[in-house]
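Below is one structure; the comments refer to it alone.
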Amino acid sequence: MPTSRRTLLKGTAAAAGVFSLDWTRAQAQAETVRIGVIYDLSGPFAAGGSVASAVGAEIAIDLCNEKGGIGGKYQVAPVKADSQSKADVAINEVERLISQETIDIIDGVYSSAHAVPLAAKAEQQKKILWITTAVATAVFKDKNLHYVFRAQIHSDQYGQAFASFIAEHAKARLAIEPKDVKVALVHEDGPYGVGVAAADEAYSREAGLQVVLKEGYSASAPDLSALVTKIKRSGADVISHAGYNPDITLLLRQARENGLRFKMLFGAGAGYSQLDKLRATFGKDIDNFCNIDPVPAQLLDPSKLAPGIGDLTRTMVERYKAKTGATDVPPHCSMGFNQTWVLLDKVLPAAKEKYGGFDPESVRKAALDVDIPPGGTIQGYGVKFFPPGTPLSGQNERSTPVVMQNAGEHISVVWPTIIRTQDPIFPLPKSSIYAA
């Protein structure tokens with residue numbers, strides 16, 4: 001049966017409509033960059049800083065999209081995953097993002113215990129893993145990674161800051177030489193805690209401090225009273241503790257119950273950066289404890305940073321408080337925001353413009369080109385990644401931590417001296433329940 005002219009025109013119009021719809025969808029997809037975002041949104045790591053990091057990353061993505069997207073052209077579509085504070089779940093979720101969601105770029109990762117296997121998986125499958133928060137040096141050391149990057153600090157730097165602070169202040173504030181300061185190093189036994197404790201020990205010995213105890217424990221241990229007894233018997237003046245939460249809460253509670261006394265306690269980020277959680281349990285008992293971590297961006301003087309960085313920090317702080325109702329903005333928010341912003345604002349635009357796309361090879365090349373001088377990020381440090389063939393390939397060589405002190409309900413920077421916002425209170429004042 002011959003086809004009429006009217007039928008033919010209708011069929012052609014319908015086909016054209018379908019083609020137009022498909023083309024529109026293709027354009028929309030082409031103008032969207034899907035990025036996997038993985039954090040511990042549940043489980044014990046959530047309250048230890050992972051949720052705060054996730055909120056920081058979310059703010060960075062929202063702000064990027066409001067400014068027109070990557071390079072002002074490509075909207076970011078986050079595909080979120082909850083690793084549930086479990087390494088096996090983290091591995092499965094990243095596998096899902098890569099295989100089922102066909103994601104080439106994954107941003108996030110709070111726990112170093114997750115970062116180690118995830119880095120190996122991303123490297124094997126040649127996908128980009130952009131670590132915002134996990135700190136263990138072991139993630140990168142001697143691995144010669146090509147597709148894994150971290151603008152965040154690494155755990156060896158915690159040890160440098162710990163030993164340097166004590167050596168600098170021992171004689172003036174404790175009235176003893178550094179060689180007479182006794183330090184106890186206690187840590188959860190995952191890659192994070194082991195890495196921090198190893199660095200603490202190495203740099204403490206280099207500074208001439210006495211390491212009188214080094215002890216690990218499981219972060220899920222139900223009782224740490226035996227560890228508290230060992231610390232008491234060691235006669236330590238200063239304690240360094242690398243822990244999450246609730247193990248920090250358990251240690252501090254049993255230390256108080258068993259009469260443990262010391263001149264200072266140094267946390268190493270993680271749960272010690274979540275002051276609102278600790279203060280809800282211990283109140284003023286934790287006042288004047290020190291904490292080593294990347295600096296919360298709002299504590300820096302914006303006049304000493306690159307133009308526009310101060311405005312970026314204010315926006316992050318305002319949005320974090322609006323989203324969470326928090327009074328203080330913890331360091332983990334700055335970590336999640338800062339590292340994600342470097343990816344979205346510096347790396348991905350260059351990957352598209354210079355190397356032609358958002359595929360892993362283009363992103364890898366663009367990341368190695370990044371050269372942000374000190375003062376160029378909201379956390380003050382610059383960004384330049386160690387290249388392949390070096391011991392820390394993929395790690396930011398310009399990252400730096402600070403020593404912070406709980407000043408009542410707020411945080412102050414007490415080291416390095418050149419950027420401190422308050423003189424340190426060292427040792428703990430006699431009013432402290434933990435004071436020696």
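All residue names refer to the structure tokens as shown: chains lettered A, B, ... in order, residues numbered from 1 in each chain, ligands numbered from 1 in order.
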
For this session: Using only C-alpha atoms, determine which residues lie at most 9 Å from A:Asp200, disregarding the query and same-chain residues fewer than 2 positions distant; provide the list as a PyMOL selection string.
Result: chain A and resi 156-163+185+195-198+202-205+240

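DSSP on the backbone gives strand (DSSP E) for these parts of stretch 168-330 of chain A: Lys182, Val183, Ala184, Leu185, Val186, His187, Glu188, Gln210, Val211, Val212, Leu213, Lys214, Glu215, Gly216, Tyr217, Val238, Ile239, Ser240, His241, Ala242, Met264, Leu265, Phe266, Gly267, Cys290, Asn291, Ile292 and Asp293 of chain A.
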
Problem set entry | Backbone DSSP call of alpha helix (DSSP H) for stretch 196-425 of chain A, listed as an MDAnalysis selection string | chainID A and resid 196:206 225:234 247:257 275:282 309:324 331:342 348:355 360:369

Each residue of stretch 283-354 of chain A with at least one atom at most 8 Å from stretch 130-154 of chain A should appear once, together with its nearest atom pair and the corresponding distance in Å (one decimal); atoms considered: only C-alpha atoms; ordering: chain, then increasing residue number; output as JSON lines.
{"residue": "A:Pro294", "atom": "CA", "partner": "A:Ile153", "partner_atom": "CA", "distance": 7.0}
{"residue": "A:His332", "atom": "CA", "partner": "A:Thr133", "partner_atom": "CA", "distance": 7.3}
{"residue": "A:Met335", "atom": "CA", "partner": "A:Thr133", "partner_atom": "CA", "distance": 6.0}
{"residue": "A:Gly336", "atom": "CA", "partner": "A:Thr132", "partner_atom": "CA", "distance": 5.5}
{"residue": "A:Asn338", "atom": "CA", "partner": "A:Thr132", "partner_atom": "CA", "distance": 8.0}
{"residue": "A:Gln339", "atom": "CA", "partner": "A:Thr132", "partner_atom": "CA", "distance": 5.2}
{"residue": "A:Thr340", "atom": "CA", "partner": "A:Thr132", "partner_atom": "CA", "distance": 6.9}
{"residue": "A:Leu343", "atom": "CA", "partner": "A:Trp130", "partner_atom": "CA", "distance": 7.9}

For this session: Give me the residues within 9 Å of A:Gly193 as number ranges by chain, counting only C-alpha atoms and dropping any in the same chain fewer than 2 places off.
Result: A: 112, 136, 155, 186-191, 195-198, 216, 241-243, 268

Would you write out, as CSV, a table of all residues in stretch 84-118 of chain A that have an atom no more than 9 Å from an atom of stretch 63-80 of chain A, listing for each the closest atom pair and the distance in Å to one decimal, considering only C-alpha atoms and ordering rows by chain and rising residue number?
residue,atom,partner,partner_atom,distance
A:Leu97,CA,A:Val79,CA,7.8
A:Glu101,CA,A:Val79,CA,8.2
A:Ile103,CA,A:Val79,CA,8.5

Exercise. In Å, with one decimal, what is the gap from atom CA of A:Gly382 to atom CA of A:Gly269?
Worked result: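 Interatomic distance here is 20.2 Å.
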
For this session: Find the residues near A:Asp104: any atom within 10 Å, counting only C-alpha atoms, skip ones fewer than 3 places away on the same chain, and give them as number ranges by chain.
Result: A: 33-36, 97-99, 101, 122, 125-129, 358-361, 363

For those residues, write N, CA and C atoms to a file as a compact mmCIF listing (two decimals), in the first residue's frame.
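Okay, this is what ended up in again.txt:
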# COMPACT_ATOMS: atom_id res chain seq x y z
N VAL A 33 29.23 16.75 34.57
CA VAL A 33 30.33 15.89 34.98
C VAL A 33 29.91 15.14 36.23
N ARG A 34 29.80 13.82 36.12
CA ARG A 34 29.38 12.99 37.25
C ARG A 34 30.62 12.61 38.06
N ILE A 35 30.57 12.90 39.36
CA ILE A 35 31.69 12.62 40.24
C ILE A 35 31.19 11.81 41.43
N GLY A 36 31.86 10.73 41.75
CA GLY A 36 31.52 9.96 42.93
C GLY A 36 32.00 10.69 44.18
N LEU A 97 30.43 2.47 42.17
CA LEU A 97 30.57 3.75 41.48
C LEU A 97 31.31 3.59 40.16
N ILE A 98 32.34 2.75 40.17
CA ILE A 98 33.14 2.56 38.95
C ILE A 98 32.43 1.69 37.93
N SER A 99 31.91 0.55 38.37
CA SER A 99 31.36 -0.43 37.44
C SER A 99 29.92 -0.14 37.02
N GLU A 101 27.94 2.74 38.01
CA GLU A 101 27.66 4.15 37.74
C GLU A 101 28.60 4.73 36.68
N ALA A 122 41.65 1.98 42.79
CA ALA A 122 41.61 3.05 41.78
C ALA A 122 42.81 2.96 40.85
N GLN A 125 42.40 0.07 38.36
CA GLN A 125 41.40 0.30 37.33
C GLN A 125 41.60 1.62 36.59
N LYS A 126 42.67 2.33 36.94
CA LYS A 126 43.02 3.60 36.29
C LYS A 126 41.87 4.61 36.35
N LYS A 127 41.33 4.75 37.55
CA LYS A 127 40.32 5.75 37.84
C LYS A 127 40.90 6.76 38.84
N ILE A 128 40.41 7.98 38.81
CA ILE A 128 40.93 9.02 39.70
C ILE A 128 40.32 8.88 41.09
N LEU A 129 41.17 8.77 42.12
CA LEU A 129 40.73 8.85 43.51
C LEU A 129 41.33 10.13 44.08
N PHE A 358 37.40 14.97 30.62
CA PHE A 358 37.36 14.69 32.04
C PHE A 358 37.69 13.22 32.31
N ASP A 359 38.28 12.56 31.34
CA ASP A 359 38.70 11.16 31.51
C ASP A 359 39.89 11.10 32.46
N PRO A 360 40.16 9.93 33.03
CA PRO A 360 41.25 9.82 34.01
C PRO A 360 42.62 10.29 33.52
N GLU A 361 42.95 10.02 32.27
CA GLU A 361 44.26 10.45 31.77
C GLU A 361 44.37 11.96 31.72
N VAL A 363 42.63 14.11 33.53
CA VAL A 363 42.62 14.63 34.90
C VAL A 363 43.97 14.41 35.56

For this session: Kindly give the distance, in Å, that separates atom CA of A:Ser412 and atom CA of A:Asn396, rounded to a single decimal.
Result: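 Computing it gives 24.9 Å between the two atoms.
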
Exercise. What does the distance between atom CA of A:Phe266 and atom CA of A:Leu252 come to in Å, to one decimal place?
Worked result: 12.3 Å

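With only C-alpha atoms as the atoms that count, the minimum distance from A:Leu265 to the choices A:Gln84, A:Gln405, A:Gln298, A:Ser218 is reached by A:Gln405.
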
Problem set entry | Close residues, A:Ile166 itself excluded, 12 Å, only C-alpha atoms, min 5 positions apart in chain, as a PyMOL selection string | chain A and resi 159-161+171-183+200+203-205+207-210+237-240+263-266+290+403+414-416+424+426-427

Exercise. Between A:His169, A:Ser393, A:Lys304, A:Val295, which is the closest to A:Asp423 once you count only C-alpha atoms?
Worked result: A:His169

Exercise. So which residues touch A:Thr327 within 10 Å, counting only C-alpha atoms, skipping near sequence neighbours fewer than 5 positions away, as a list in words?
Worked result: Asp276, Val317, Tyr320, Lys321, Ala322, Glu409 and His410 of chain A

Could those selected residues go to a file with C-alpha atoms, as a short mmCIF file (atom, residue, chain, number, x, y, z; two decimals), in the first residue's frame?
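Output contents, as saved in out21.cif:
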data_model
loop_
_atom_site.label_atom_id
_atom_site.label_comp_id
_atom_site.auth_asym_id
_atom_site.auth_seq_id
_atom_site.Cartn_x
_atom_site.Cartn_y
_atom_site.Cartn_z
CA ASP A 276 31.19 19.95 69.77
CA VAL A 317 31.57 29.10 57.02
CA TYR A 320 28.21 25.16 56.99
CA LYS A 321 26.55 26.90 59.92
CA ALA A 322 23.30 27.21 57.97
CA GLU A 409 34.40 27.18 73.27
CA HIS A 410 36.67 28.24 70.44
#
